[in-house]
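> Provided below: model18.tsv, containing TSV, C-alpha atoms.
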chain	number	residue	atom	x	y	z
A	1	MET	CA	171.29	-121.49	16.12
A	2	ILE	CA	175.03	-121.97	15.59
A	3	THR	CA	176.07	-124.32	12.80
A	4	VAL	CA	179.47	-126.03	12.83
A	5	ALA	CA	180.85	-127.87	9.81
A	6	VAL	CA	183.00	-130.84	10.81
A	7	ASP	CA	185.61	-132.32	8.50
A	8	CYS	CA	184.94	-135.89	9.54
A	9	MET	CA	187.67	-137.48	7.42
A	10	GLY	CA	190.63	-135.54	8.87
A	11	GLY	CA	193.03	-136.69	11.56
A	12	ASP	CA	194.65	-139.98	12.45
A	13	HIS	CA	191.34	-141.67	13.32
A	14	GLY	CA	188.82	-140.05	10.95
A	15	PRO	CA	185.09	-140.71	11.47
A	16	GLN	CA	185.72	-143.12	14.35
A	17	VAL	CA	186.59	-140.06	16.49
A	18	THR	CA	185.16	-137.03	14.72
A	19	VAL	CA	181.60	-138.31	14.34
A	20	PRO	CA	181.06	-139.54	17.95
A	21	ALA	CA	182.70	-136.35	19.24
A	22	ALA	CA	180.44	-134.15	17.12
A	23	LEU	CA	177.29	-136.05	18.11
A	24	GLU	CA	178.20	-135.99	21.79
A	25	PHE	CA	179.03	-132.29	21.69
A	26	GLN	CA	175.90	-131.32	19.79
A	27	ALA	CA	173.69	-133.33	22.16
A	28	ARG	CA	174.89	-131.14	25.07
A	29	LEU	CA	174.16	-127.81	23.38
A	30	PRO	CA	170.57	-127.15	22.29
A	31	ASP	CA	171.52	-124.16	20.12
A	32	VAL	CA	174.18	-125.94	18.05
A	33	GLU	CA	173.64	-127.70	14.73
A	34	VAL	CA	176.31	-129.97	13.27
A	35	VAL	CA	177.07	-130.67	9.60
A	36	LEU	CA	179.12	-133.84	9.20
A	37	VAL	CA	181.20	-133.53	6.03
A	38	GLY	CA	182.90	-136.47	4.31
A	39	LEU	CA	182.31	-139.87	2.74
A	40	ARG	CA	178.66	-140.58	3.47
A	41	ASP	CA	178.99	-144.32	4.08
A	42	ALA	CA	181.95	-143.86	6.43
A	43	ILE	CA	180.09	-141.23	8.44
A	44	GLU	CA	176.76	-143.04	8.64
A	45	ALA	CA	178.55	-146.21	9.77
A	46	GLN	CA	179.31	-144.38	13.03
A	47	PHE	CA	175.70	-143.73	13.99
A	48	SER	CA	172.30	-145.13	13.23
A	49	GLY	CA	168.93	-143.50	12.79
A	50	THR	CA	168.17	-139.83	12.42
A	51	ARG	CA	169.49	-137.22	14.79
A	52	PRO	CA	167.91	-133.79	15.32
A	53	ARG	CA	170.14	-130.85	14.32
A	54	VAL	CA	172.60	-133.20	12.59
A	55	ARG	CA	172.96	-133.65	8.86
A	56	VAL	CA	175.48	-135.28	6.56
A	57	HIS	CA	177.00	-133.31	3.69
A	58	ALA	CA	178.72	-135.68	1.29
A	59	ALA	CA	182.21	-135.10	-0.07
A	60	SER	CA	183.92	-137.48	-2.45
A	61	GLU	CA	187.60	-136.89	-1.64
A	62	VAL	CA	189.91	-136.96	1.39
A	63	VAL	CA	193.05	-134.92	2.06
A	64	THR	CA	195.66	-137.23	3.57
A	65	MET	CA	197.84	-136.15	6.49
A	66	ASP	CA	201.04	-136.15	4.40
A	67	GLU	CA	199.60	-134.56	1.26
A	68	PRO	CA	201.38	-131.42	-0.03
A	69	PRO	CA	199.13	-128.37	0.55
A	70	PRO	CA	199.32	-127.16	-3.10
A	71	GLN	CA	198.13	-130.56	-4.30
A	72	ALA	CA	195.22	-130.60	-1.87
A	73	LEU	CA	194.26	-127.08	-2.89
A	74	ARG	CA	194.48	-127.57	-6.66
A	75	PHE	CA	193.34	-131.13	-7.22
A	76	LYS	CA	190.93	-132.03	-4.40
A	77	LYS	CA	188.17	-129.49	-4.71
A	78	ASP	CA	185.58	-131.92	-3.36
A	79	SER	CA	187.58	-133.01	-0.33
A	80	SER	CA	185.84	-133.07	3.04
A	81	MET	CA	188.17	-130.31	4.20
A	82	ARG	CA	187.45	-128.05	1.23
A	83	VAL	CA	183.69	-128.64	1.39
A	84	ALA	CA	183.60	-127.87	5.14
A	85	VAL	CA	185.43	-124.58	4.58
A	86	ASN	CA	183.14	-123.78	1.64
A	87	LEU	CA	180.16	-124.10	3.98
A	88	VAL	CA	181.63	-121.30	6.10
A	89	LYS	CA	182.22	-119.21	2.98
A	90	SER	CA	178.63	-119.64	1.80
A	91	GLY	CA	177.20	-118.85	5.22
A	92	GLU	CA	175.70	-122.33	5.70
A	93	ALA	CA	178.03	-122.82	8.68
A	94	HIS	CA	179.42	-120.37	11.20
A	95	ALA	CA	182.65	-122.30	11.78
A	96	CYS	CA	184.66	-125.26	10.53
A	97	VAL	CA	186.62	-127.77	12.62
A	98	SER	CA	189.17	-130.18	11.16
A	99	ALA	CA	191.83	-132.53	12.53
A	100	GLY	CA	193.38	-132.88	9.09
A	101	ASN	CA	196.59	-131.78	7.42
A	102	THR	CA	197.52	-128.39	8.95
A	103	GLY	CA	199.25	-127.00	5.87
A	104	ALA	CA	196.39	-128.00	3.60
A	105	LEU	CA	193.79	-126.57	5.99
A	106	MET	CA	195.61	-123.25	6.13
A	107	ALA	CA	196.06	-123.10	2.36
A	108	ILE	CA	192.44	-124.00	1.63
A	109	SER	CA	191.05	-121.66	4.30
A	110	ARG	CA	193.14	-118.73	3.09
A	111	PHE	CA	192.19	-119.35	-0.54
A	112	VAL	CA	188.47	-119.82	0.10
A	113	LEU	CA	187.78	-117.39	2.95
A	114	LYS	CA	190.47	-114.75	2.29
A	115	THR	CA	192.05	-112.64	5.00
A	116	LEU	CA	190.46	-109.76	6.85
A	117	PRO	CA	191.31	-106.20	5.72
A	118	GLY	CA	194.69	-105.19	7.12
A	119	ILE	CA	195.81	-108.79	7.74
A	120	ASP	CA	198.58	-110.03	5.45
A	121	ARG	CA	198.81	-113.59	6.77
A	122	PRO	CA	196.62	-115.76	9.00
A	123	ALA	CA	198.26	-117.10	12.15
A	124	ILE	CA	197.77	-120.23	14.22
A	125	ALA	CA	196.96	-119.47	17.86
A	126	THR	CA	196.51	-121.89	20.71
A	127	VAL	CA	195.99	-121.74	24.45
A	128	LEU	CA	198.44	-123.20	26.96
A	129	PRO	CA	198.11	-123.64	30.75
A	130	ASN	CA	200.21	-121.60	33.14
A	131	MET	CA	201.14	-121.41	36.82
A	132	ARG	CA	198.45	-118.84	37.56
A	133	ARG	CA	195.69	-121.31	36.62
A	134	THR	CA	194.74	-119.06	33.73
A	135	ASN	CA	195.52	-119.37	30.03
A	136	THR	CA	198.36	-118.10	27.87
A	137	TYR	CA	197.61	-117.61	24.16
A	138	VAL	CA	200.55	-118.07	21.80
A	139	LEU	CA	200.79	-117.18	18.10
A	140	ASP	CA	202.05	-117.91	15.51
A	141	LEU	CA	202.65	-121.65	15.89
A	142	GLY	CA	203.86	-122.58	12.44
A	143	ALA	CA	201.82	-120.96	9.69
A	144	ASN	CA	204.41	-118.25	9.00
A	145	VAL	CA	208.05	-119.23	9.31
A	146	ASP	CA	209.46	-115.91	8.06
A	147	CYS	CA	207.75	-112.80	9.42
A	148	THR	CA	208.21	-109.06	9.19
A	149	ALA	CA	207.74	-106.67	12.10
A	150	GLU	CA	204.36	-105.69	10.63
A	151	HIS	CA	203.26	-109.34	10.67
A	152	LEU	CA	204.18	-109.64	14.34
A	153	LEU	CA	202.16	-106.50	15.07
A	154	GLN	CA	199.16	-108.07	13.33
A	155	PHE	CA	199.61	-111.26	15.37
A	156	GLY	CA	199.59	-109.18	18.54
A	157	ILE	CA	196.34	-107.48	17.57
A	158	MET	CA	194.68	-110.75	16.59
A	159	GLY	CA	195.77	-112.47	19.79
A	160	ALA	CA	194.60	-109.58	21.96
A	161	MET	CA	191.20	-109.48	20.28
A	162	LEU	CA	190.83	-113.26	20.69
A	163	VAL	CA	191.57	-113.06	24.43
A	164	ALA	CA	189.33	-110.01	24.87
A	165	ALA	CA	186.50	-111.95	23.23
A	166	VAL	CA	186.72	-115.41	24.79
A	167	GLU	CA	188.26	-114.51	28.16
A	168	HIS	CA	186.26	-111.27	28.50
A	169	LYS	CA	189.33	-109.21	29.37
A	170	GLU	CA	189.07	-105.58	28.34
A	171	ARG	CA	192.82	-104.99	27.89
A	172	PRO	CA	194.72	-108.28	27.75
A	173	THR	CA	198.47	-108.02	28.18
A	174	VAL	CA	200.70	-108.75	25.18
A	175	GLY	CA	204.36	-109.80	25.22
A	176	LEU	CA	206.87	-110.33	22.40
A	177	LEU	CA	208.84	-113.58	22.68
A	178	ASN	CA	212.55	-112.82	22.72
A	179	ILE	CA	215.88	-114.12	24.04
A	180	GLY	CA	215.76	-111.58	26.87
A	181	ALA	CA	213.48	-109.00	28.44
A	182	GLU	CA	215.81	-106.08	27.69
A	183	ASP	CA	215.01	-103.80	24.75
A	184	ILE	CA	218.47	-104.29	23.26
A	185	LYS	CA	217.97	-108.06	22.90
A	186	GLY	CA	216.79	-109.84	19.76
A	187	ASN	CA	217.21	-109.46	16.02
A	188	GLU	CA	216.22	-106.38	14.05
A	189	THR	CA	212.78	-107.76	13.16
A	190	VAL	CA	211.89	-108.33	16.80
A	191	LYS	CA	213.20	-104.89	17.79
A	192	GLN	CA	211.13	-103.21	15.07
A	193	ALA	CA	208.07	-105.26	16.06
A	194	ALA	CA	208.46	-104.09	19.67
A	195	GLU	CA	208.37	-100.46	18.52
A	196	LEU	CA	205.24	-101.09	16.44
A	197	LEU	CA	203.53	-102.87	19.32
A	198	ARG	CA	204.35	-100.01	21.71
A	199	GLY	CA	202.61	-97.57	19.38
A	200	SER	CA	199.63	-99.81	18.61
A	201	GLY	CA	197.45	-98.96	21.59
A	202	LEU	CA	197.61	-102.56	22.83
A	203	ASN	CA	198.49	-103.32	26.43
A	204	PHE	CA	202.03	-104.23	25.40
A	205	VAL	CA	204.35	-105.03	28.30
A	206	GLY	CA	207.53	-105.57	26.27
A	207	ASN	CA	209.73	-108.58	25.66
A	208	VAL	CA	209.12	-111.90	27.40
A	209	GLU	CA	211.16	-115.09	27.49
A	210	GLY	CA	210.16	-118.69	26.93
A	211	ASP	CA	209.52	-119.45	30.59
A	212	ASP	CA	207.05	-116.56	30.78
A	213	ILE	CA	204.61	-118.63	28.69
A	214	TYR	CA	204.06	-120.97	31.61
A	215	LYS	CA	204.53	-118.37	34.34
A	216	GLY	CA	201.47	-116.58	32.97
A	217	THR	CA	203.35	-113.27	32.75
A	218	VAL	CA	201.14	-112.07	29.90
A	219	ASP	CA	197.88	-113.11	28.28
A	220	VAL	CA	199.25	-113.17	24.72
A	221	VAL	CA	202.73	-114.20	23.55
A	222	VAL	CA	203.66	-113.13	20.02
A	223	CYS	CA	206.34	-114.82	17.90
A	224	ASP	CA	206.99	-115.98	14.37
A	225	GLY	CA	205.86	-119.44	13.31
A	226	PHE	CA	209.33	-120.98	13.40
A	227	VAL	CA	210.00	-120.02	17.02
A	228	GLY	CA	206.41	-120.73	18.08
A	229	ASN	CA	206.34	-124.22	16.65
A	230	VAL	CA	209.69	-125.14	18.21
A	231	ALA	CA	208.50	-123.81	21.59
A	232	LEU	CA	205.26	-125.80	21.34
A	233	LYS	CA	206.90	-129.07	20.34
A	234	ALA	CA	209.57	-128.68	23.03
A	235	SER	CA	206.82	-128.12	25.60
A	236	GLU	CA	204.98	-131.24	24.45
A	237	GLY	CA	208.21	-133.21	24.74
A	238	VAL	CA	208.84	-131.99	28.29
A	239	ALA	CA	205.29	-132.87	29.33
A	240	HIS	CA	205.64	-136.37	27.87
A	241	MET	CA	209.02	-136.84	29.57
A	242	MET	CA	207.58	-135.78	32.95
A	243	ALA	CA	204.68	-138.21	32.67
A	244	THR	CA	206.96	-141.07	31.60
A	245	THR	CA	209.49	-140.38	34.35
A	246	LEU	CA	206.81	-140.29	37.04
A	247	ARG	CA	205.43	-143.64	35.89
A	248	GLU	CA	208.91	-145.19	35.86
A	249	GLU	CA	209.86	-143.89	39.30
A	250	PHE	CA	206.58	-144.88	40.96
A	251	SER	CA	206.80	-148.42	39.53
A	252	ARG	CA	210.46	-148.96	40.42
A	253	ASN	CA	209.88	-151.22	43.47
A	254	PRO	CA	207.15	-152.23	45.96
A	255	LEU	CA	207.86	-149.22	48.18
A	256	THR	CA	207.50	-146.70	45.35
A	257	ARG	CA	204.36	-148.48	44.14
A	258	MET	CA	202.87	-148.05	47.61
A	259	ALA	CA	203.87	-144.40	47.55
A	260	ALA	CA	202.10	-144.10	44.20
A	261	LEU	CA	198.87	-145.34	45.75
A	262	LEU	CA	199.12	-142.72	48.50
A	263	ALA	CA	199.91	-140.02	45.95
A	264	MET	CA	197.15	-141.07	43.54
A	265	PRO	CA	194.79	-138.11	44.25
A	266	VAL	CA	197.63	-135.65	43.62
A	267	LEU	CA	198.74	-137.47	40.49
A	268	ARG	CA	195.21	-137.47	39.11
A	269	ALA	CA	194.84	-133.75	39.78
A	270	PHE	CA	198.24	-133.14	38.16
A	271	ARG	CA	197.27	-135.14	35.09
A	272	THR	CA	193.92	-133.39	34.77
A	273	ARG	CA	195.39	-129.92	35.13
A	274	LEU	CA	198.05	-130.49	32.46
A	275	ASP	CA	196.04	-132.80	30.20
A	276	PRO	CA	196.81	-131.53	26.66
A	277	ARG	CA	193.41	-132.72	25.47
A	278	ARG	CA	191.80	-129.90	27.48
A	279	TYR	CA	193.62	-127.34	25.34
A	280	ASN	CA	192.99	-128.92	21.96
A	281	GLY	CA	191.82	-126.63	19.18
A	282	ALA	CA	194.07	-124.05	17.53
A	283	SER	CA	192.50	-121.01	15.89
A	284	LEU	CA	193.37	-119.92	12.36
A	285	LEU	CA	193.13	-116.20	13.06
A	286	GLY	CA	192.88	-113.44	10.48
A	287	LEU	CA	190.43	-115.13	8.12
A	288	LYS	CA	186.97	-113.94	7.11
A	289	GLY	CA	185.52	-116.88	8.97
A	290	ILE	CA	186.23	-119.21	11.87
A	291	VAL	CA	188.39	-122.28	11.28
A	292	ILE	CA	189.68	-124.44	14.14
A	293	LYS	CA	192.47	-126.99	13.79
A	294	SER	CA	192.30	-130.00	16.08
A	295	HIS	CA	195.35	-132.11	16.82
A	296	GLY	CA	195.51	-135.01	14.39
A	297	SER	CA	195.75	-137.61	17.16
A	298	ALA	CA	192.81	-136.19	19.14
A	299	ASP	CA	190.41	-138.60	20.82
A	300	VAL	CA	186.68	-137.98	21.28
A	301	TYR	CA	187.16	-135.76	24.33
A	302	ALA	CA	189.93	-133.68	22.73
A	303	PHE	CA	188.01	-133.18	19.48
A	304	GLY	CA	185.05	-132.05	21.54
A	305	GLN	CA	187.25	-129.34	23.03
A	306	ALA	CA	188.09	-128.12	19.53
A	307	LEU	CA	184.37	-127.92	18.79
A	308	GLU	CA	183.89	-125.94	22.00
A	309	THR	CA	186.58	-123.50	20.86
A	310	ALA	CA	184.76	-122.99	17.56
A	311	VAL	CA	181.44	-122.26	19.26
A	312	GLN	CA	183.10	-119.85	21.69
A	313	GLU	CA	184.59	-117.88	18.83
A	314	VAL	CA	181.24	-117.76	17.04
A	315	ARG	CA	179.42	-116.56	20.15
A	316	ASN	CA	182.00	-113.83	20.73
A	317	ASN	CA	182.33	-112.63	17.12
A	318	VAL	CA	186.11	-113.03	17.00
A	319	PRO	CA	186.65	-112.19	13.28
A	320	GLN	CA	184.49	-109.07	13.60
A	321	ARG	CA	186.48	-107.89	16.63
A	322	ILE	CA	189.77	-108.36	14.78
A	323	ALA	CA	188.43	-106.52	11.73
A	324	GLU	CA	187.23	-103.61	13.86
A	325	ARG	CA	190.58	-103.30	15.64
A	326	MET	CA	192.52	-103.47	12.37
A	327	GLY	CA	190.23	-100.78	10.98
A	328	GLN	CA	191.21	-98.51	13.87
A	329	LEU	CA	194.88	-99.14	13.14
A	330	HIS	CA	194.55	-98.70	9.38
A	331	PRO	CA	191.47	-96.52	8.71
A	332	GLN	CA	190.08	-96.93	5.22
A	333	PRO	CA	190.25	-93.83	2.97
A	334	VAL	CA	187.02	-91.89	2.55
A	335	GLN	CA	185.52	-92.47	-0.88
If you took the structure in this file and wrote it as structure tokens, what would it be?


Amino acid sequence: MITVAVDCMGGDHGPQVTVPAALEFQARLPDVEVVLVGLRDAIEAQFSGTRPRVRVHAASEVVTMDEPPPQALRFKKDSSMRVAVNLVKSGEAHACVSAGNTGALMAISRFVLKTLPGIDRPAIATVLPNMRRTNTYVLDLGANVDCTAEHLLQFGIMGAMLVAAVEHKERPTVGLLNIGAEDIKGNETVKQAAELLRGSGLNFVGNVEGDDIYKGTVDVVVCDGFVGNVALKASEGVAHMMATTLREEFSRNPLTRMAALLAMPVLRAFRTRLDPRRYNGASLLGLKGIVIKSHGSADVYAFGQALETAVQEVRNNVPQRIAERMGQLHPQPVQ
């Protein structure tokens, strides 16, 4: 039985989304138990009666979306976010899912769970669609703005182990995001990281550029959190612009509206294929436990995808795989 702790108070919508999503998800999977963490009255208002394999774990505080991470860490020790992560630490849950404040979730998770041996900093990894109808995993997406070459190496290992686990690829390809594919391109940190990745034993193919993310050139794209977050937000902006432009052009006049009706099957397929809700659920990799960050504006379907990501990582022992690979890179001294 897999147990998932859900921070029900996080996100823009709180229990109105997180509780129905958790109940719906758990009802589909007979081997999953859900712990709903948060203000008891707010949670129980979203469902009535008793549910098998569902229990409520009360928490008295809530971390707001704009709360400084140090404040949430120091002064809200009974927040729904902190309690959910504590359940992973104690072994009462195998994973935690939250749509709350990203900075606070990272700070709390790192403080409570600690990092795996050989990992200096956790990284945020997410999956993006590509032209090959597969997935591209990108990390880091904002947890670490300033990175050393060693950090980028660690991100590459974590990303490769994640893909190997959930995509069942023996040797996933890894690329280093750069301003050009040539070895001479990039700053000194990126150049040093490329050398470390070449000697790591990973299936490192070299530098990749921003468009390679969506071409599906590699399985894993490695970058620092500053570059990764800018790339992600720019991608979201382009997707929103495309959707808005299509709506405007198809509604311009009666002729274009008729064309829209004829094109409806294609438009629906296009929307489904690129629906960002399908890819909701970013992994906080490098921790001694599984923590998944859902987008704050997620609806019931999108939050369910984040829960699915958590269960996948539990089933495939992602932290253990990362720890084993790091142990091969940095063998512990014999006592």

> Which of these, A:Leu197, A:Ala298, A:Leu246, A:Ala95, has the shortest distance to Ser283 of chain A once you count all atoms listed in the file?

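Residue with the minimum atom-to-atom distance to Ser283 of chain A: A:Ala95.
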
> Kindly give the distance, in Å, that separates atom CA of Thr173 of chain A and atom CA of Ala125 of chain A, rounded to a single decimal.

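Interatomic distance here is 15.5 Å.
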
> Kindly give the distance, in Å, that separates atom CA of Met258 of chain A and atom CA of Thr244 of chain A, rounded to a single decimal.

17.9 Å

> One decimal, Å: what's the distance from atom CA of Ala59 of chain A over to atom CA of Arg121 of chain A, could you say?

28.0 Å

> Could the residues of segment 63-96 of chain A that have an atom at most 9 Å from segment 35-57 of chain A be listed as CSV, each with its closest atom pair and the distance in Å to one decimal, counting all atoms listed in the file and ordered by chain and ascending residue number?


residue,atom,partner,partner_atom,distance
A:Ser79,CA,A:Gly38,CA,7.4
A:Ser80,CA,A:Gly38,CA,4.7
A:Met81,CA,A:Val37,CA,7.9
A:Val83,CA,A:Val37,CA,7.2
A:Ala84,CA,A:Val37,CA,6.2
A:Ala93,CA,A:Val35,CA,8.0

> List the neighbours of Ala193 of chain A out to 8 Å using only C-alpha atoms; skip same-chain residues closer than 6 positions along the sequence, and give me the result as a list in words.

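The filter keeps Thr148, Ala149, Glu150, Leu152 and Leu153 of chain A.
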
> Could you check which residues have any atom within 12 Å of (187.4, -140.5, 18.9), counting only C-alpha atoms with coordinates taken straight from the file, and then list them as number ranges by chain?

A: 8-24, 46, 99, 277, 294-305

> Which neighbours of Gln154 of chain A fall inside 9 Å, counting all atoms listed in the file, when residues of the same chain fewer than 3 positions from it are skipped, and could you give them as a PyMOL selection string?

chain A and resi 118-121+149-151+157-159+286+326

> Using all atoms listed in the file, which of A:Ala72, A:Leu262, A:Val221, A:Ala181 sits nearest Thr136 of chain A?

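Using all atoms listed in the file, Thr136 of chain A sits closest to A:Val221.
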
> Can you list, as JSON, numbers by chain, every protein, DNA or RNA residue that comes within 8 Å of segment 306-310 of chain A when you count all atoms listed in the file, leaving out same-chain residues fewer than 2 positions away?

{"A": [4, 22, 25, 95, 96, 97, 280, 281, 282, 290, 291, 292, 293, 294, 302, 303, 304, 312, 313, 314]}

> For a quick check of understanding, using only C-alpha atoms, which of A:Leu141, A:Lys191, A:Asp31, A:Ala5 has the smallest distance to Ser90 of chain A?

A:Ala5

> With a distance cut-off of 12 Å and all atoms listed in the file, select the neighbouring residues of Lys76 of chain A, excluding the residue or stretch itself and same-chain residues fewer than 2 positions from it, and output the selection as an MDAnalysis selection string.

chainID A and resid 59:64 67:74 78:83 104 108
